[in-house]
>>> print(open('work.pdb').read())   # PDB, N, CA and C atoms
ATOM      1  N   MET A   7      -0.337   8.079 -12.240
ATOM      2  CA  MET A   7       0.572   8.539 -11.218
ATOM      3  C   MET A   7       0.059   8.208  -9.816
ATOM      4  N   SER A   8      -1.267   8.164  -9.641
ATOM      5  CA  SER A   8      -1.798   7.845  -8.312
ATOM      6  C   SER A   8      -1.641   6.368  -7.967
ATOM      7  N   ALA A   9      -1.259   5.563  -8.922
ATOM      8  CA  ALA A   9      -1.063   4.147  -8.647
ATOM      9  C   ALA A   9       0.172   3.917  -7.771
ATOM     10  N   VAL A  10       1.168   4.769  -7.880
ATOM     11  CA  VAL A  10       2.400   4.594  -7.099
ATOM     12  C   VAL A  10       2.119   4.751  -5.594
ATOM     13  N   PRO A  11       1.463   5.829  -5.147
ATOM     14  CA  PRO A  11       1.164   5.909  -3.707
ATOM     15  C   PRO A  11       0.264   4.772  -3.229
ATOM     16  N   ALA A  12      -0.685   4.360  -4.058
ATOM     17  CA  ALA A  12      -1.564   3.253  -3.677
ATOM     18  C   ALA A  12      -0.767   1.959  -3.530
ATOM     19  N   LEU A  13       0.178   1.749  -4.425
ATOM     20  CA  LEU A  13       1.020   0.551  -4.357
ATOM     21  C   LEU A  13       1.904   0.577  -3.107
ATOM     22  N   VAL A  14       2.496   1.731  -2.803
ATOM     23  CA  VAL A  14       3.335   1.858  -1.600
ATOM     24  C   VAL A  14       2.494   1.626  -0.355
ATOM     25  N   PHE A  15       1.294   2.211  -0.318
ATOM     26  CA  PHE A  15       0.395   2.012   0.820
ATOM     27  C   PHE A  15       0.042   0.535   0.987
ATOM     28  N   ALA A  16      -0.292  -0.132  -0.117
ATOM     29  CA  ALA A  16      -0.633  -1.552  -0.060
ATOM     30  C   ALA A  16       0.553  -2.383   0.423
ATOM     31  N   LEU A  17       1.747  -2.073  -0.058
ATOM     32  CA  LEU A  17       2.942  -2.799   0.369
ATOM     33  C   LEU A  17       3.205  -2.614   1.857
ATOM     34  N   LEU A  18       3.128  -1.375   2.336
ATOM     35  CA  LEU A  18       3.368  -1.118   3.756
ATOM     36  C   LEU A  18       2.302  -1.784   4.626
ATOM     37  N   THR A  19       1.050  -1.706   4.216
ATOM     38  CA  THR A  19      -0.030  -2.339   4.981
ATOM     39  C   THR A  19       0.168  -3.842   5.040
ATOM     40  N   TRP A  20       0.511  -4.437   3.917
ATOM     41  CA  TRP A  20       0.751  -5.883   3.881
ATOM     42  C   TRP A  20       1.902  -6.263   4.802
ATOM     43  N   GLN A  21       2.987  -5.481   4.783
ATOM     44  CA  GLN A  21       4.131  -5.791   5.629
ATOM     45  C   GLN A  21       3.780  -5.713   7.117
ATOM     46  N   VAL A  22       2.981  -4.738   7.489
ATOM     47  CA  VAL A  22       2.584  -4.596   8.890
ATOM     48  C   VAL A  22       1.647  -5.732   9.285
ATOM     49  N   LEU A  23       0.678  -6.051   8.427
ATOM     50  CA  LEU A  23      -0.274  -7.124   8.747
ATOM     51  C   LEU A  23       0.389  -8.491   8.799
ATOM     52  N   ALA A  24       1.397  -8.711   7.963
ATOM     53  CA  ALA A  24       2.059 -10.019   7.889
ATOM     54  C   ALA A  24       3.249 -10.109   8.840
ATOM     55  N   ASP A  25       3.387  -9.146   9.756
ATOM     56  CA  ASP A  25       4.536  -9.107  10.666
ATOM     57  C   ASP A  25       5.852  -9.158   9.894
ATOM     58  N   GLY A  26       5.892  -8.431   8.786
ATOM     59  CA  GLY A  26       7.081  -8.383   7.940
ATOM     60  C   GLY A  26       8.178  -7.523   8.538
ATOM     61  N   PRO A  27       9.252  -7.328   7.795
ATOM     62  CA  PRO A  27      10.394  -6.575   8.312
ATOM     63  C   PRO A  27      10.082  -5.097   8.604
ATOM     64  N   LEU A  28       9.042  -4.563   8.019
ATOM     65  CA  LEU A  28       8.704  -3.160   8.273
ATOM     66  C   LEU A  28       7.910  -2.973   9.560
ATOM     67  N   LEU A  29       7.452  -4.051  10.155
ATOM     68  CA  LEU A  29       6.645  -3.941  11.370
ATOM     69  C   LEU A  29       7.420  -3.277  12.499
ATOM     70  N   ARG A  30       8.670  -3.653  12.682
ATOM     71  CA  ARG A  30       9.467  -3.077  13.770
ATOM     72  C   ARG A  30       9.633  -1.569  13.583
ATOM     73  N   ALA A  31       9.908  -1.136  12.360
ATOM     74  CA  ALA A  31      10.033   0.305  12.082
ATOM     75  C   ALA A  31       8.695   1.000  12.320
ATOM     76  N   ASP A  32       7.606   0.371  11.936
ATOM     77  CA  ASP A  32       6.275   0.948  12.153
ATOM     78  C   ASP A  32       5.988   1.112  13.646
ATOM     79  N   GLU A  33       6.358   0.120  14.431
ATOM     80  CA  GLU A  33       6.133   0.209  15.879
ATOM     81  C   GLU A  33       6.981   1.306  16.505
ATOM     82  N   ARG A  34       8.235   1.462  16.041
ATOM     83  CA  ARG A  34       9.086   2.529  16.566
ATOM     84  C   ARG A  34       8.513   3.902  16.250
ATOM     85  N   VAL A  35       8.068   4.080  15.034
ATOM     86  CA  VAL A  35       7.478   5.371  14.645
ATOM     87  C   VAL A  35       6.195   5.615  15.432
ATOM     88  N   SER A  36       5.397   4.577  15.629
ATOM     89  CA  SER A  36       4.156   4.724  16.392
ATOM     90  C   SER A  36       4.444   5.138  17.828
ATOM     91  N   ARG A  37       5.461   4.532  18.445
ATOM     92  CA  ARG A  37       5.816   4.915  19.822
ATOM     93  C   ARG A  37       6.277   6.367  19.889
ATOM     94  N   TRP A  38       7.035   6.797  18.888
ATOM     95  CA  TRP A  38       7.503   8.178  18.835
ATOM     96  C   TRP A  38       6.326   9.146  18.686
ATOM     97  N   LEU A  39       5.302   8.740  17.931
ATOM     98  CA  LEU A  39       4.154   9.622  17.689
ATOM     99  C   LEU A  39       3.175   9.665  18.855
ATOM    100  N   VAL A  40       3.306   8.757  19.817
ATOM    101  CA  VAL A  40       2.397   8.754  20.956
ATOM    102  C   VAL A  40       2.544  10.040  21.751
ATOM    103  N   ARG A  41       3.745  10.573  21.815
ATOM    104  CA  ARG A  41       3.996  11.826  22.534
ATOM    105  C   ARG A  41       4.520  12.875  21.541
ATOM    106  N   PRO A  42       3.615  13.409  20.700
ATOM    107  CA  PRO A  42       4.082  14.358  19.691
ATOM    108  C   PRO A  42       4.417  15.717  20.292
ATOM    109  N   ASP A  43       5.223  16.472  19.580
ATOM    110  CA  ASP A  43       5.504  17.844  19.999
ATOM    111  C   ASP A  43       4.324  18.730  19.598
ATOM    112  N   ARG A  44       4.449  20.017  19.817
ATOM    113  CA  ARG A  44       3.340  20.942  19.543
ATOM    114  C   ARG A  44       2.965  20.951  18.058
ATOM    115  N   ALA A  45       3.948  20.937  17.165
ATOM    116  CA  ALA A  45       3.666  20.928  15.726
ATOM    117  C   ALA A  45       2.895  19.662  15.337
ATOM    118  N   GLY A  46       3.286  18.526  15.900
ATOM    119  CA  GLY A  46       2.583  17.280  15.628
ATOM    120  C   GLY A  46       1.151  17.312  16.124
ATOM    121  N   GLU A  47       0.945  17.931  17.282
ATOM    122  CA  GLU A  47      -0.414  18.051  17.807
ATOM    123  C   GLU A  47      -1.279  18.918  16.898
ATOM    124  N   LEU A  48      -0.711  20.015  16.408
ATOM    125  CA  LEU A  48      -1.476  20.892  15.517
ATOM    126  C   LEU A  48      -1.829  20.183  14.210
ATOM    127  N   LEU A  49      -0.885  19.442  13.654
ATOM    128  CA  LEU A  49      -1.175  18.692  12.437
ATOM    129  C   LEU A  49      -2.206  17.598  12.690
ATOM    130  N   SER A  50      -2.128  16.977  13.851
ATOM    131  CA  SER A  50      -3.115  15.962  14.203
ATOM    132  C   SER A  50      -4.501  16.583  14.347
ATOM    133  N   ASP A  51      -4.560  17.756  14.963
ATOM    134  CA  ASP A  51      -5.844  18.442  15.094
ATOM    135  C   ASP A  51      -6.428  18.803  13.739
ATOM    136  N   LEU A  52      -5.584  19.136  12.781
ATOM    137  CA  LEU A  52      -6.070  19.468  11.447
ATOM    138  C   LEU A  52      -6.725  18.262  10.789
ATOM    139  N   GLY A  53      -6.348  17.060  11.174
ATOM    140  CA  GLY A  53      -6.969  15.864  10.639
ATOM    141  C   GLY A  53      -8.282  15.520  11.303
ATOM    142  N   ASP A  54      -8.625  16.215  12.374
ATOM    143  CA  ASP A  54      -9.888  15.982  13.064
ATOM    144  C   ASP A  54     -11.028  16.601  12.254
ATOM    145  N   VAL A  55     -12.148  15.918  12.163
ATOM    146  CA  VAL A  55     -13.263  16.369  11.330
ATOM    147  C   VAL A  55     -13.755  17.752  11.754
ATOM    148  N   GLN A  56     -13.801  18.012  13.047
ATOM    149  CA  GLN A  56     -14.305  19.303  13.524
ATOM    150  C   GLN A  56     -13.414  20.457  13.076
ATOM    151  N   VAL A  57     -12.159  20.194  12.807
ATOM    152  CA  VAL A  57     -11.245  21.231  12.332
ATOM    153  C   VAL A  57     -11.108  21.169  10.814
ATOM    154  N   ALA A  58     -10.967  19.971  10.272
ATOM    155  CA  ALA A  58     -10.702  19.807   8.842
ATOM    156  C   ALA A  58     -11.865  20.284   7.983
ATOM    157  N   LEU A  59     -13.089  20.008   8.381
ATOM    158  CA  LEU A  59     -14.237  20.374   7.557
ATOM    159  C   LEU A  59     -14.347  21.886   7.366
ATOM    160  N   PRO A  60     -14.339  22.692   8.427
ATOM    161  CA  PRO A  60     -14.404  24.143   8.193
ATOM    162  C   PRO A  60     -13.208  24.679   7.403
ATOM    163  N   VAL A  61     -12.008  24.155   7.678
ATOM    164  CA  VAL A  61     -10.826  24.615   6.940
ATOM    165  C   VAL A  61     -10.976  24.280   5.461
ATOM    166  N   LEU A  62     -11.398  23.051   5.160
ATOM    167  CA  LEU A  62     -11.560  22.655   3.767
ATOM    168  C   LEU A  62     -12.649  23.470   3.079
ATOM    169  N   LEU A  63     -13.737  23.752   3.769
ATOM    170  CA  LEU A  63     -14.804  24.554   3.174
ATOM    171  C   LEU A  63     -14.329  25.970   2.851
ATOM    172  N   VAL A  64     -13.573  26.564   3.760
ATOM    173  CA  VAL A  64     -13.040  27.912   3.511
ATOM    174  C   VAL A  64     -12.077  27.890   2.326
ATOM    175  N   VAL A  65     -11.185  26.907   2.291
ATOM    176  CA  VAL A  65     -10.221  26.816   1.194
ATOM    177  C   VAL A  65     -10.933  26.528  -0.127
ATOM    178  N   ALA A  66     -11.939  25.649  -0.119
ATOM    179  CA  ALA A  66     -12.685  25.346  -1.345
ATOM    180  C   ALA A  66     -13.401  26.591  -1.859
ATOM    181  N   ALA A  67     -14.002  27.356  -0.962
ATOM    182  CA  ALA A  67     -14.674  28.601  -1.369
ATOM    183  C   ALA A  67     -13.658  29.590  -1.942
ATOM    184  N   TYR A  68     -12.506  29.688  -1.314
ATOM    185  CA  TYR A  68     -11.453  30.587  -1.801
ATOM    186  C   TYR A  68     -10.983  30.173  -3.197
ATOM    187  N   VAL A  69     -10.730  28.880  -3.381
ATOM    188  CA  VAL A  69     -10.264  28.376  -4.679
ATOM    189  C   VAL A  69     -11.338  28.589  -5.745
ATOM    190  N   ALA A  70     -12.593  28.345  -5.408
ATOM    191  CA  ALA A  70     -13.681  28.551  -6.361
ATOM    192  C   ALA A  70     -13.775  30.024  -6.758
ATOM    193  N   ARG A  71     -13.684  30.886  -5.786
ATOM    194  CA  ARG A  71     -13.773  32.328  -6.063
ATOM    195  C   ARG A  71     -12.617  32.793  -6.945
ATOM    196  N   ARG A  72     -11.404  32.338  -6.621
ATOM    197  CA  ARG A  72     -10.240  32.719  -7.426
ATOM    198  C   ARG A  72     -10.319  32.168  -8.847
ATOM    199  N   GLY A  73     -10.766  30.918  -8.964
ATOM    200  CA  GLY A  73     -10.896  30.314 -10.292
ATOM    201  C   GLY A  73     -11.946  30.999 -11.135
ATOM    202  N   ARG A  74     -13.048  31.348 -10.517
ATOM    203  CA  ARG A  74     -14.116  32.036 -11.251
ATOM    204  C   ARG A  74     -13.683  33.444 -11.651
ATOM    205  N   ALA A  75     -12.991  34.132 -10.746
ATOM    206  CA  ALA A  75     -12.499  35.480 -11.054
ATOM    207  C   ALA A  75     -11.462  35.450 -12.177
ATOM    208  N   ALA A  76     -10.702  34.369 -12.262
ATOM    209  CA  ALA A  76      -9.692  34.243 -13.314
ATOM    210  C   ALA A  76     -10.310  33.827 -14.644
ATOM    211  N   GLY A  77     -11.598  33.492 -14.631
ATOM    212  CA  GLY A  77     -12.280  33.118 -15.862
ATOM    213  C   GLY A  77     -12.001  31.708 -16.327
ATOM    214  N   LEU A  78     -11.625  30.839 -15.413
ATOM    215  CA  LEU A  78     -11.371  29.448 -15.782
ATOM    216  C   LEU A  78     -12.667  28.763 -16.203
ATOM    217  N   ALA A  79     -12.574  27.895 -17.197
ATOM    218  CA  ALA A  79     -13.771  27.227 -17.725
ATOM    219  C   ALA A  79     -14.411  26.318 -16.671
ATOM    220  N   ARG A  80     -13.603  25.531 -16.012
ATOM    221  CA  ARG A  80     -14.137  24.615 -14.989
ATOM    222  C   ARG A  80     -13.627  25.021 -13.616
ATOM    223  N   TRP A  81     -13.931  26.221 -13.204
ATOM    224  CA  TRP A  81     -13.476  26.763 -11.927
ATOM    225  C   TRP A  81     -14.011  25.981 -10.745
ATOM    226  N   TRP A  82     -15.118  25.296 -10.944
ATOM    227  CA  TRP A  82     -15.791  24.575  -9.871
ATOM    228  C   TRP A  82     -15.183  23.195  -9.621
ATOM    229  N   LEU A  83     -14.393  22.689 -10.567
ATOM    230  CA  LEU A  83     -13.896  21.311 -10.459
ATOM    231  C   LEU A  83     -12.963  21.074  -9.267
ATOM    232  N   PRO A  84     -11.936  21.883  -9.019
ATOM    233  CA  PRO A  84     -11.065  21.613  -7.858
ATOM    234  C   PRO A  84     -11.796  21.632  -6.514
ATOM    235  N   PRO A  85     -12.685  22.616  -6.249
ATOM    236  CA  PRO A  85     -13.382  22.567  -4.956
ATOM    237  C   PRO A  85     -14.303  21.355  -4.825
ATOM    238  N   VAL A  86     -14.974  20.991  -5.908
ATOM    239  CA  VAL A  86     -15.854  19.817  -5.860
ATOM    240  C   VAL A  86     -15.036  18.547  -5.641
ATOM    241  N   ALA A  87     -13.891  18.433  -6.302
ATOM    242  CA  ALA A  87     -13.027  17.256  -6.124
ATOM    243  C   ALA A  87     -12.555  17.156  -4.680
ATOM    244  N   ALA A  88     -12.197  18.286  -4.077
ATOM    245  CA  ALA A  88     -11.752  18.278  -2.676
ATOM    246  C   ALA A  88     -12.881  17.827  -1.759
ATOM    247  N   LEU A  89     -14.092  18.297  -2.000
ATOM    248  CA  LEU A  89     -15.223  17.915  -1.154
ATOM    249  C   LEU A  89     -15.593  16.445  -1.336
ATOM    250  N   VAL A  90     -15.479  15.934  -2.560
ATOM    251  CA  VAL A  90     -15.733  14.510  -2.791
ATOM    252  C   VAL A  90     -14.695  13.663  -2.053
ATOM    253  N   CYS A  91     -13.437  14.084  -2.107
ATOM    254  CA  CYS A  91     -12.383  13.362  -1.371
ATOM    255  C   CYS A  91     -12.657  13.380   0.125
ATOM    256  N   LEU A  92     -13.113  14.508   0.642
ATOM    257  CA  LEU A  92     -13.448  14.589   2.062
ATOM    258  C   LEU A  92     -14.553  13.603   2.415
ATOM    259  N   ALA A  93     -15.539  13.468   1.539
ATOM    260  CA  ALA A  93     -16.629  12.528   1.798
ATOM    261  C   ALA A  93     -16.154  11.080   1.702
ATOM    262  N   LEU A  94     -15.165  10.811   0.861
ATOM    263  CA  LEU A  94     -14.679   9.436   0.684
ATOM    264  C   LEU A  94     -13.742   8.976   1.792
ATOM    265  N   VAL A  95     -13.120   9.903   2.501
ATOM    266  CA  VAL A  95     -12.151   9.533   3.530
ATOM    267  C   VAL A  95     -12.743   8.574   4.565
ATOM    268  N   PRO A  96     -13.908   8.875   5.158
ATOM    269  CA  PRO A  96     -14.435   7.920   6.143
ATOM    270  C   PRO A  96     -14.776   6.562   5.525
ATOM    271  N   LEU A  97     -15.148   6.561   4.250
ATOM    272  CA  LEU A  97     -15.492   5.299   3.593
ATOM    273  C   LEU A  97     -14.271   4.424   3.345
ATOM    274  N   VAL A  98     -13.095   5.026   3.320
ATOM    275  CA  VAL A  98     -11.862   4.273   3.094
ATOM    276  C   VAL A  98     -11.098   4.057   4.400
ATOM    277  N   VAL A  99     -10.945   5.111   5.187
ATOM    278  CA  VAL A  99     -10.097   5.057   6.375
ATOM    279  C   VAL A  99     -10.679   4.152   7.459
ATOM    280  N   VAL A 100     -11.960   4.282   7.729
ATOM    281  CA  VAL A 100     -12.570   3.487   8.810
ATOM    282  C   VAL A 100     -12.460   1.986   8.532
ATOM    283  N   PRO A 101     -12.818   1.500   7.343
ATOM    284  CA  PRO A 101     -12.647   0.055   7.097
ATOM    285  C   PRO A 101     -11.188  -0.401   7.166
ATOM    286  N   VAL A 102     -10.250   0.413   6.684
ATOM    287  CA  VAL A 102      -8.840   0.016   6.739
ATOM    288  C   VAL A 102      -8.364  -0.048   8.182
ATOM    289  N   LYS A 103      -8.783   0.915   9.008
ATOM    290  CA  LYS A 103      -8.409   0.872  10.422
ATOM    291  C   LYS A 103      -8.996  -0.362  11.106
ATOM    292  N   ASP A 104     -10.243  -0.684  10.807
ATOM    293  CA  ASP A 104     -10.856  -1.884  11.390
ATOM    294  C   ASP A 104     -10.156  -3.148  10.896
ATOM    295  N   TRP A 105      -9.842  -3.206   9.608
ATOM    296  CA  TRP A 105      -9.214  -4.383   9.011
ATOM    297  C   TRP A 105      -7.828  -4.618   9.582
ATOM    298  N   THR A 106      -7.053  -3.557   9.740
ATOM    299  CA  THR A 106      -5.684  -3.718  10.226
ATOM    300  C   THR A 106      -5.606  -3.783  11.744
ATOM    301  N   ASP A 107      -6.671  -3.409  12.426
ATOM    302  CA  ASP A 107      -6.728  -3.434  13.898
ATOM    303  C   ASP A 107      -5.550  -2.677  14.501
ATOM    304  N   ARG A 108      -5.284  -1.488  13.927
ATOM    305  CA  ARG A 108      -4.179  -0.666  14.403
ATOM    306  C   ARG A 108      -4.700   0.428  15.314
ATOM    307  N   PRO A 109      -4.121   0.604  16.476
ATOM    308  CA  PRO A 109      -4.549   1.701  17.346
ATOM    309  C   PRO A 109      -4.073   3.039  16.799
ATOM    310  N   GLY A 110      -4.812   4.080  17.115
ATOM    311  CA  GLY A 110      -4.400   5.417  16.713
ATOM    312  C   GLY A 110      -3.245   5.893  17.561
ATOM    313  N   THR A 111      -2.542   6.880  17.058
ATOM    314  CA  THR A 111      -1.428   7.434  17.823
ATOM    315  C   THR A 111      -1.935   8.428  18.844
TER     316      THR A 111
END
>>> encode(input="work.pdb", output="structure tokens")
Amino acid sequence: MSAVPALVFALLTWQVLADGPLLRADERVSRWLVRPDRAGELLSDLGDVQVALPVLLVVAAYVARRGRAAGLARWWLPPVAALVCLALVPLVVVPVKDWTDRPGT
């Protein structure tokens, strides 16, 4: 099931890099996001490491505690998976941003 989002991401990235038909739509959306409203700013702040890391740690601890209290066999798996994903984000996002040479919003 995770292959579908990866395929869509690859298709969109290819279209933007190759100046395909989706490039114009991407540029319009990017211009719109340059001046986000308050909700957009809050969501953007949540993606910042200084905000995302503490939030994720609190949520992971909460999920671990709830899973352990419920007596789940592998209560530790969801929090560990979330933390591994957090560690992998810079390893994936930074090279893709450099490769595509796309400015941030």
>>> select_by_dssp(input="work.pdb", residues="chain A", states="alpha helix (DSSP H)", output="PyMOL selection string")
chain A and resi 9-23+28-40+44-52+55-75+83-106
>>> resolve_selection(input="work.pdb", expression="the PyMOL selection byres (((chain A and resi 23 and name CA) around 12) and name CA)", output="number ranges by chain")
A: 16-22, 24-30, 32, 102-103, 105-108
>>> atom_distance(input="work.pdb", atom1="atom C of Trp82 in chain A", atom2="atom C of Val69 in chain A")
7.7 Å
>>> atom_distance(input="work.pdb", atom1="CA of Leu39 in chain A", atom2="CA of Gly53 in chain A")
14.6 Å
>>> atom_distance(input="work.pdb", atom1="atom N of Ala88 in chain A", atom2="atom C of Ala67 in chain A")
11.6 Å
>>> decode(input="work.pdb", residues="range 62-82 of chain A", atoms="N, CA and C atoms", output="PDB file, in the first residue's frame")
ATOM      1  N   LEU A  62       6.417  14.854  18.982  1.00  0.00           N
ATOM      2  CA  LEU A  62       6.486  13.433  18.668  1.00  0.00           C
ATOM      3  C   LEU A  62       6.907  12.614  19.884  1.00  0.00           C
ATOM      4  N   LEU A  63       7.835  13.115  20.674  1.00  0.00           N
ATOM      5  CA  LEU A  63       8.260  12.391  21.870  1.00  0.00           C
ATOM      6  C   LEU A  63       7.117  12.246  22.874  1.00  0.00           C
ATOM      7  N   VAL A  64       6.353  13.309  23.061  1.00  0.00           N
ATOM      8  CA  VAL A  64       5.206  13.244  23.980  1.00  0.00           C
ATOM      9  C   VAL A  64       4.169  12.249  23.462  1.00  0.00           C
ATOM     10  N   VAL A  65       3.865  12.313  22.171  1.00  0.00           N
ATOM     11  CA  VAL A  65       2.876  11.401  21.594  1.00  0.00           C
ATOM     12  C   VAL A  65       3.380   9.960  21.642  1.00  0.00           C
ATOM     13  N   ALA A  66       4.664   9.734  21.353  1.00  0.00           N
ATOM     14  CA  ALA A  66       5.222   8.378  21.407  1.00  0.00           C
ATOM     15  C   ALA A  66       5.149   7.823  22.825  1.00  0.00           C
ATOM     16  N   ALA A  67       5.468   8.645  23.813  1.00  0.00           N
ATOM     17  CA  ALA A  67       5.376   8.203  25.214  1.00  0.00           C
ATOM     18  C   ALA A  67       3.926   7.882  25.576  1.00  0.00           C
ATOM     19  N   TYR A  68       3.005   8.710  25.130  1.00  0.00           N
ATOM     20  CA  TYR A  68       1.582   8.475  25.398  1.00  0.00           C
ATOM     21  C   TYR A  68       1.116   7.162  24.765  1.00  0.00           C
ATOM     22  N   VAL A  69       1.481   6.945  23.505  1.00  0.00           N
ATOM     23  CA  VAL A  69       1.079   5.723  22.799  1.00  0.00           C
ATOM     24  C   VAL A  69       1.703   4.497  23.467  1.00  0.00           C
ATOM     25  N   ALA A  70       2.959   4.590  23.865  1.00  0.00           N
ATOM     26  CA  ALA A  70       3.620   3.474  24.537  1.00  0.00           C
ATOM     27  C   ALA A  70       2.925   3.159  25.862  1.00  0.00           C
ATOM     28  N   ARG A  71       2.617   4.183  26.605  1.00  0.00           N
ATOM     29  CA  ARG A  71       1.955   3.984  27.903  1.00  0.00           C
ATOM     30  C   ARG A  71       0.576   3.353  27.729  1.00  0.00           C
ATOM     31  N   ARG A  72      -0.190   3.858  26.759  1.00  0.00           N
ATOM     32  CA  ARG A  72      -1.521   3.298  26.510  1.00  0.00           C
ATOM     33  C   ARG A  72      -1.455   1.854  26.019  1.00  0.00           C
ATOM     34  N   GLY A  73      -0.496   1.583  25.134  1.00  0.00           N
ATOM     35  CA  GLY A  73      -0.344   0.218  24.624  1.00  0.00           C
ATOM     36  C   GLY A  73       0.076  -0.755  25.702  1.00  0.00           C
ATOM     37  N   ARG A  74       0.972  -0.322  26.556  1.00  0.00           N
ATOM     38  CA  ARG A  74       1.425  -1.190  27.648  1.00  0.00           C
ATOM     39  C   ARG A  74       0.308  -1.418  28.663  1.00  0.00           C
ATOM     40  N   ALA A  75      -0.446  -0.364  28.963  1.00  0.00           N
ATOM     41  CA  ALA A  75      -1.568  -0.496  29.899  1.00  0.00           C
ATOM     42  C   ALA A  75      -2.654  -1.416  29.341  1.00  0.00           C
ATOM     43  N   ALA A  76      -2.807  -1.431  28.026  1.00  0.00           N
ATOM     44  CA  ALA A  76      -3.811  -2.292  27.399  1.00  0.00           C
ATOM     45  C   ALA A  76      -3.329  -3.734  27.288  1.00  0.00           C
ATOM     46  N   GLY A  77      -2.060  -3.971  27.612  1.00  0.00           N
ATOM     47  CA  GLY A  77      -1.524  -5.325  27.572  1.00  0.00           C
ATOM     48  C   GLY A  77      -1.179  -5.819  26.187  1.00  0.00           C
ATOM     49  N   LEU A  78      -0.918  -4.909  25.273  1.00  0.00           N
ATOM     50  CA  LEU A  78      -0.543  -5.312  23.920  1.00  0.00           C
ATOM     51  C   LEU A  78       0.819  -5.999  23.927  1.00  0.00           C
ATOM     52  N   ALA A  79       0.968  -7.012  23.090  1.00  0.00           N
ATOM     53  CA  ALA A  79       2.217  -7.785  23.061  1.00  0.00           C
ATOM     54  C   ALA A  79       3.396  -6.920  22.603  1.00  0.00           C
ATOM     55  N   ARG A  80       3.198  -6.178  21.547  1.00  0.00           N
ATOM     56  CA  ARG A  80       4.284  -5.324  21.031  1.00  0.00           C
ATOM     57  C   ARG A  80       3.907  -3.861  21.186  1.00  0.00           C
ATOM     58  N   TRP A  81       3.673  -3.435  22.398  1.00  0.00           N
ATOM     59  CA  TRP A  81       3.261  -2.067  22.695  1.00  0.00           C
ATOM     60  C   TRP A  81       4.313  -1.049  22.303  1.00  0.00           C
ATOM     61  N   TRP A  82       5.554  -1.484  22.226  1.00  0.00           N
ATOM     62  CA  TRP A  82       6.675  -0.595  21.951  1.00  0.00           C
ATOM     63  C   TRP A  82       6.857  -0.327  20.456  1.00  0.00           C
TER      64      TRP A  82
END
